[in-house]
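Input: a single structure, listed below in structure tokens.
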Amino acid sequence: MIPLLRGHPRLLVGAGISLLLALAGLVSLVWTPYPIEQVVVAERFLGSGPQHWLGTDHLGRDMLSLIMSGTLTSFLVAGLAAGIGIGIGVPMGLAAALWGGWVEWLVLRVSDLTFAFPAVIVAILIATLVGPGESNAIFAIGIFNIPVFARVARGGALTLVGQDYVAAARLAGRNRIAIAWLHLLPNIGSLIIVQGTIQLSLGILAEAGLSYIGLGTQPPATSLGLMLRDAQSLFLIHPWLSIVPGLAIVVIVIALNMAGDGLRDALDPRLRRQELGHVAG
Amino acid sequence: MSLVDIKDLRISFGQVPAVDGVSLAIDHGDRFGLIGESGSGKSLTALALAGLLPEGARVDGQILFDGQPLPANEAALARLRGRRIGMVFQEPMTALNPLMRVGDQIEESVALTRGDASAGAIVQLLQEVGLDPSHGRRYPHQLSGGQRQRVMIAIALAGEPDLMIADEPTSALDVITQRTVIDLIDTVCARRGMTLLFISHDIKVVAALCDHIAVMQQGTIVEKGTTEAVLNSPRDGYTRALLAASKIPRRRAAVITAGASVLDVENLSRVYRHGMWGRSVKLRAVDDVSFSLSKGECVALVGPSGCGKTTLARMLVGLDAPSSGTVTLDGEPVSPAKMRPITRAKMSLVFQDPFSSFDPRMTVERSVAEPLHLLRALSATEKAARVREAVEAVGLDVAVLERYPHEFSGGQRQRLAIARALVTRPSLVVLDEPVSALDVSIRGEVLALLAGLQEEYHLTYLLISHDLDLVAAVADRAMVMEAGRIVESGRPDDLFARPRHPMTRALADARLPNPA
């Protein structure tokens, strides 16, 4: 891991900032400077100071505590959504590549169909059926992630199924599931990790969007999008309240994108093989 | 004055020298052959001459082309490449633009180098390389490998260059096509009085085409001189070793138990359908093939590329299902769908490319042990013992088992592939071009190993190859395949000395004379 980071400064910076923010989010589980539910109307709209580093909001809640907790929500929602995408999408993609025929047709058409519905539409659908909430955001974004991972997994696996070692595994009597598990999955792992990082950043944006329009996280819990929603009517008088969560979202997304790009450069087997190809002969 | 004069050329990547002090001179009208194994620096030397080295390469030394150093300016260098140096590469499919008709690609290079691209000039070029003018309207994928290589040669000739650099131009082609492309390069060079720099690992090809030879090893030239001198009285030890390795020692004829057939193939066919619904076209990749293999025999299957050899092999080992016909191994039916693990364990396949036949993320121990999955009766300790035995049988140390495939050379990987093929103690081993991806010097070792293992374990080999010298040296019987059918079979010596079928004759005629 250490030699991987060396020579890839973007990966180092991106992954460093992402991990730091995720850690801040995790800390909020056990400790925040102030409890996030604590409403002290007398101390509302405070600027940043020694008591409240990032000031307080319209209900006198500590902004730093809210940001910490909101970051956790963002990572949790986006992470679980990426988990749903990987858990369902990757097996779908591998099945498409290994079985081909009607299985592949079905996977591709289901992907097309899911791609046609953005996360917002799915979220609205779920919200109308069972009401808004955090878990609905997770499902909506997760469903949106499935075809993304299915396509990445299928694309990666298609280049591998023609390799002789897959034929060797079939000769050794391995069935398709064993081949997928033993040979394909480890070899497309890096592709999935890179895509996972990118989907994580997209998921955080989507969660912020869903919470902003009221379909995601509900108070008293908080998320970065919800903070933006609370602050929007006060933007002209107290712009600080919008700038802080907005900047937090921007920093997380940029950091994750940098980490994803850096990981791709560091892990992508195709790029690595090209480098070797130049030297050969 | 020489056309090409390279003095003390050094190319390195980081700390690793790839070319280490190469000096050579090529006179006008010379045909210069550069021989070397993979990694010897022969291609890099040629790329340096054309100013096409990959980024990150450090170059020292002097390269004079027609008395002038190579221009530092990229535009001037590109002009020099187009007008005075033509290049032909190994893989024409990747060197041609797949979305452009080949005629347009030839026209493009004519326009770039001569300024005027008349239709007549393109037709003339196509005819010069032995193509029909109608071929110009096709896309690269609509041409065969040999035809694509002819297009590449036409593009290289467009600027009427003084020097043609051909880097392994025939290595990706089958024997018959290889011979026609070599003959084409020969006639074109003679007609135009063009200088040729021909790079190859194959001494026979170079000997047939070139009048001067340089042998490269690990970045240096170990010997150079006229073809005759180098081949007939080699001074350097490495040259002698290469020459010796290119001659394949003959194997003793197998002791064949009459009547004990291991594999029986009856009326085997494989039909692919192209197109849709009513307009489907049937392609008979394998067409009504029947034969049987006796225990201990080594039978070769030869034929041009696309004749159905590989499809046949895949059906024999149960990777593909036949459209009709049967395969029986020791009396048990072979088919991918319903085949008992114990039957599967009785046969194995050694792949052509040792680089793609191992999972890069698995230790070689797990890869070699994978077929033991078929023998469920074995305990874990018995399995470990089998793996050790197989690895020792191919002459490797058991300590290598913990390593990953990228840590091995091509020859070692092929040994490991053989170990994997033997681990279940099969009776039939199908060898799909087992040495064609290996350097000549390793080829001999791997063949000797295969011969030794055959004797020790009473194996039956089905050898798929297009190398008639190899087939003549090791096979007891050869079967010639054309368009999915076996057209002739017999003892290789008789078969190639007195061919009866046109395909056998074409294969025998394409054989290059053995040097020295």
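Residues are named by chain letter and number: chains run A, B, ... in the order of the structure tokens, numbers start at 1 in each chain, and ligands are numbered from 1 in the order shown.
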Excluding Leu215 of chain A and its own-chain neighbours fewer than 4 positions away, which residues fall within 9 Å of it when counting only C-alpha atoms? Please give them as JSON, numbers by chain. {"A": [120, 123, 124, 127, 131, 132, 133, 134, 136, 137, 209, 210, 211]}
Among segment 189-265 of chain A, which ones does DSSP assign to helix (DSSP H, G or I) (computed from the backbone)? Answer as a ChimeraX atom specification. /A:189-212,224-232,240-265
Select from chain B every residue with an atom at most 8 Å from any atom of chain A, then for each give the shortest pair of atoms and their distance in Å to one decimal, using only C-alpha atoms, rows by chain and rising number, as JSON lines.
```
{"residue": "B:Ser38", "atom": "CA", "partner": "A:Gly281", "partner_atom": "CA", "distance": 5.2}
{"residue": "B:Gly39", "atom": "CA", "partner": "A:Gly281", "partner_atom": "CA", "distance": 4.7}
{"residue": "B:Ser40", "atom": "CA", "partner": "A:Gly281", "partner_atom": "CA", "distance": 6.7}
{"residue": "B:Gly41", "atom": "CA", "partner": "A:Gly281", "partner_atom": "CA", "distance": 6.0}
{"residue": "B:Lys42", "atom": "CA", "partner": "A:Gly281", "partner_atom": "CA", "distance": 6.7}
{"residue": "B:Ser43", "atom": "CA", "partner": "A:Gly281", "partner_atom": "CA", "distance": 5.4}
{"residue": "B:Leu44", "atom": "CA", "partner": "A:Gly281", "partner_atom": "CA", "distance": 6.8}
{"residue": "B:Pro54", "atom": "CA", "partner": "A:His278", "partner_atom": "CA", "distance": 6.1}
{"residue": "B:Val317", "atom": "CA", "partner": "A:Leu171", "partner_atom": "CA", "distance": 7.5}
{"residue": "B:Gly318", "atom": "CA", "partner": "A:Leu171", "partner_atom": "CA", "distance": 7.5}
{"residue": "B:Leu319", "atom": "CA", "partner": "A:Leu171", "partner_atom": "CA", "distance": 6.9}
{"residue": "B:Pro341", "atom": "CA", "partner": "A:Gly173", "partner_atom": "CA", "distance": 6.7}
{"residue": "B:Arg344", "atom": "CA", "partner": "A:Leu171", "partner_atom": "CA", "distance": 7.1}
{"residue": "B:Ala345", "atom": "CA", "partner": "A:Ala172", "partner_atom": "CA", "distance": 7.5}
{"residue": "B:Ser348", "atom": "CA", "partner": "A:Leu171", "partner_atom": "CA", "distance": 7.1}
{"residue": "B:Leu349", "atom": "CA", "partner": "A:Ala168", "partner_atom": "CA", "distance": 7.8}
{"residue": "B:Phe351", "atom": "CA", "partner": "A:Asp164", "partner_atom": "CA", "distance": 6.9}
{"residue": "B:Asp353", "atom": "CA", "partner": "A:Asp164", "partner_atom": "CA", "distance": 7.8}
{"residue": "B:Ser356", "atom": "CA", "partner": "A:Asp164", "partner_atom": "CA", "distance": 5.4}
{"residue": "B:Ser357", "atom": "CA", "partner": "A:Tyr165", "partner_atom": "CA", "distance": 4.2}
{"residue": "B:Phe358", "atom": "CA", "partner": "A:Tyr165", "partner_atom": "CA", "distance": 5.0}
{"residue": "B:Asp359", "atom": "CA", "partner": "A:Tyr165", "partner_atom": "CA", "distance": 5.7}
{"residue": "B:Pro360", "atom": "CA", "partner": "A:Asn187", "partner_atom": "CA", "distance": 7.8}
{"residue": "B:Arg361", "atom": "CA", "partner": "A:Asn187", "partner_atom": "CA", "distance": 6.7}
{"residue": "B:Glu370", "atom": "CA", "partner": "A:Ala172", "partner_atom": "CA", "distance": 6.1}
{"residue": "B:Pro371", "atom": "CA", "partner": "A:Ala172", "partner_atom": "CA", "distance": 4.1}
{"residue": "B:Leu372", "atom": "CA", "partner": "A:Ala172", "partner_atom": "CA", "distance": 7.3}
{"residue": "B:His373", "atom": "CA", "partner": "A:Ala172", "partner_atom": "CA", "distance": 6.7}
{"residue": "B:Leu374", "atom": "CA", "partner": "A:Gly173", "partner_atom": "CA", "distance": 6.1}
```
Preceding selection exported with N, CA, C and O atoms as a compact mmCIF listing (two decimals), in the first residue's frame:
```txt
# COMPACT_ATOMS: atom_id res chain seq x y z
N SER B 38 13.61 -12.51 -27.27
CA SER B 38 12.85 -11.41 -26.69
C SER B 38 13.70 -10.73 -25.61
O SER B 38 14.39 -11.40 -24.85
N GLY B 39 13.65 -9.40 -25.59
CA GLY B 39 14.42 -8.65 -24.62
C GLY B 39 15.87 -8.43 -25.00
O GLY B 39 16.64 -7.92 -24.21
N SER B 40 16.25 -8.79 -26.23
CA SER B 40 17.64 -8.61 -26.62
C SER B 40 17.91 -7.18 -27.07
O SER B 40 19.06 -6.81 -27.26
N GLY B 41 16.87 -6.39 -27.28
CA GLY B 41 17.07 -5.00 -27.67
C GLY B 41 17.03 -4.78 -29.17
O GLY B 41 17.31 -3.68 -29.65
N LYS B 42 16.63 -5.81 -29.93
CA LYS B 42 16.66 -5.68 -31.39
C LYS B 42 15.59 -4.71 -31.88
O LYS B 42 15.85 -3.88 -32.75
N SER B 43 14.39 -4.79 -31.30
CA SER B 43 13.32 -3.87 -31.72
C SER B 43 13.64 -2.44 -31.31
O SER B 43 13.38 -1.50 -32.06
N LEU B 44 14.20 -2.27 -30.12
CA LEU B 44 14.53 -0.92 -29.65
C LEU B 44 15.57 -0.28 -30.57
O LEU B 44 15.49 0.92 -30.86
N PRO B 54 9.95 4.78 -27.13
CA PRO B 54 8.94 5.20 -26.15
C PRO B 54 9.49 6.27 -25.23
O PRO B 54 10.70 6.40 -25.07
N VAL B 317 -11.09 -31.84 -25.78
CA VAL B 317 -10.91 -31.79 -24.33
C VAL B 317 -12.18 -31.38 -23.60
O VAL B 317 -12.18 -31.21 -22.40
N GLY B 318 -13.28 -31.23 -24.36
CA GLY B 318 -14.55 -30.96 -23.70
C GLY B 318 -14.76 -29.51 -23.32
O GLY B 318 -15.51 -29.22 -22.39
N LEU B 319 -14.10 -28.58 -24.00
CA LEU B 319 -14.37 -27.17 -23.73
C LEU B 319 -15.54 -26.67 -24.57
O LEU B 319 -16.25 -25.77 -24.18
N PRO B 341 -16.13 -36.15 -13.64
CA PRO B 341 -14.86 -35.52 -13.27
C PRO B 341 -13.68 -36.47 -13.53
O PRO B 341 -12.62 -36.02 -13.97
N ARG B 344 -12.68 -36.23 -17.09
CA ARG B 344 -11.99 -34.96 -17.32
C ARG B 344 -10.54 -35.02 -16.86
O ARG B 344 -9.65 -34.46 -17.48
N ALA B 345 -10.34 -35.70 -15.74
CA ALA B 345 -8.99 -35.77 -15.18
C ALA B 345 -8.04 -36.56 -16.07
O ALA B 345 -6.84 -36.47 -15.92
N SER B 348 -5.77 -33.38 -20.58
CA SER B 348 -5.46 -31.99 -20.27
C SER B 348 -4.93 -31.30 -21.51
O SER B 348 -4.67 -31.93 -22.52
N LEU B 349 -4.79 -30.00 -21.36
CA LEU B 349 -4.43 -29.15 -22.50
C LEU B 349 -3.30 -28.23 -22.06
O LEU B 349 -3.35 -27.65 -20.98
N PHE B 351 -1.59 -24.79 -23.15
CA PHE B 351 -1.94 -23.68 -24.03
C PHE B 351 -0.72 -23.10 -24.71
O PHE B 351 0.42 -23.27 -24.26
N ASP B 353 -0.02 -19.78 -25.22
CA ASP B 353 0.56 -18.58 -24.65
C ASP B 353 0.77 -18.76 -23.15
O ASP B 353 -0.18 -18.73 -22.38
N SER B 356 -0.92 -15.98 -20.71
CA SER B 356 -2.32 -15.81 -20.35
C SER B 356 -2.90 -17.09 -19.74
O SER B 356 -4.07 -17.15 -19.42
N SER B 357 -2.08 -18.12 -19.56
CA SER B 357 -2.68 -19.36 -19.06
C SER B 357 -2.58 -19.49 -17.54
O SER B 357 -2.98 -20.50 -16.98
N PHE B 358 -2.03 -18.47 -16.88
CA PHE B 358 -2.03 -18.47 -15.41
C PHE B 358 -2.73 -17.23 -14.88
O PHE B 358 -2.51 -16.13 -15.38
N ASP B 359 -3.56 -17.42 -13.87
CA ASP B 359 -4.25 -16.30 -13.24
C ASP B 359 -3.22 -15.45 -12.50
O ASP B 359 -2.55 -15.95 -11.59
N PRO B 360 -3.09 -14.17 -12.89
CA PRO B 360 -2.04 -13.34 -12.28
C PRO B 360 -2.23 -13.13 -10.79
O PRO B 360 -1.29 -12.78 -10.09
N ARG B 361 -3.44 -13.37 -10.28
CA ARG B 361 -3.68 -13.12 -8.86
C ARG B 361 -3.62 -14.38 -8.02
O ARG B 361 -4.06 -14.41 -6.89
N GLU B 370 -5.12 -26.68 -9.29
CA GLU B 370 -6.54 -26.53 -9.63
C GLU B 370 -7.17 -27.79 -10.25
O GLU B 370 -8.26 -28.17 -9.85
N PRO B 371 -6.50 -28.47 -11.20
CA PRO B 371 -7.15 -29.66 -11.77
C PRO B 371 -7.39 -30.79 -10.76
O PRO B 371 -8.23 -31.65 -10.99
N LEU B 372 -6.68 -30.77 -9.62
CA LEU B 372 -6.88 -31.82 -8.62
C LEU B 372 -8.28 -31.76 -8.02
O LEU B 372 -8.73 -32.72 -7.38
N HIS B 373 -8.92 -30.64 -8.22
CA HIS B 373 -10.31 -30.46 -7.85
C HIS B 373 -11.17 -31.61 -8.43
O HIS B 373 -12.21 -31.96 -7.88
N LEU B 374 -10.70 -32.17 -9.56
CA LEU B 374 -11.46 -33.25 -10.21
C LEU B 374 -11.36 -34.57 -9.46
O LEU B 374 -12.21 -35.44 -9.61
```
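Ranking B:Val350, B:Ala510, B:Ala390, B:Ala285 by their shortest atom-to-atom distance to Pro434 of chain B, with only C-alpha atoms included, puts B:Val350 first.
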Could you list, as a PyMOL selection string, every residue within 7 Å of Ala255 of chain A, counting only C-alpha atoms and ignoring same-chain residues fewer than 4 positions away? chain A and resi 14-15+17-18+251+259
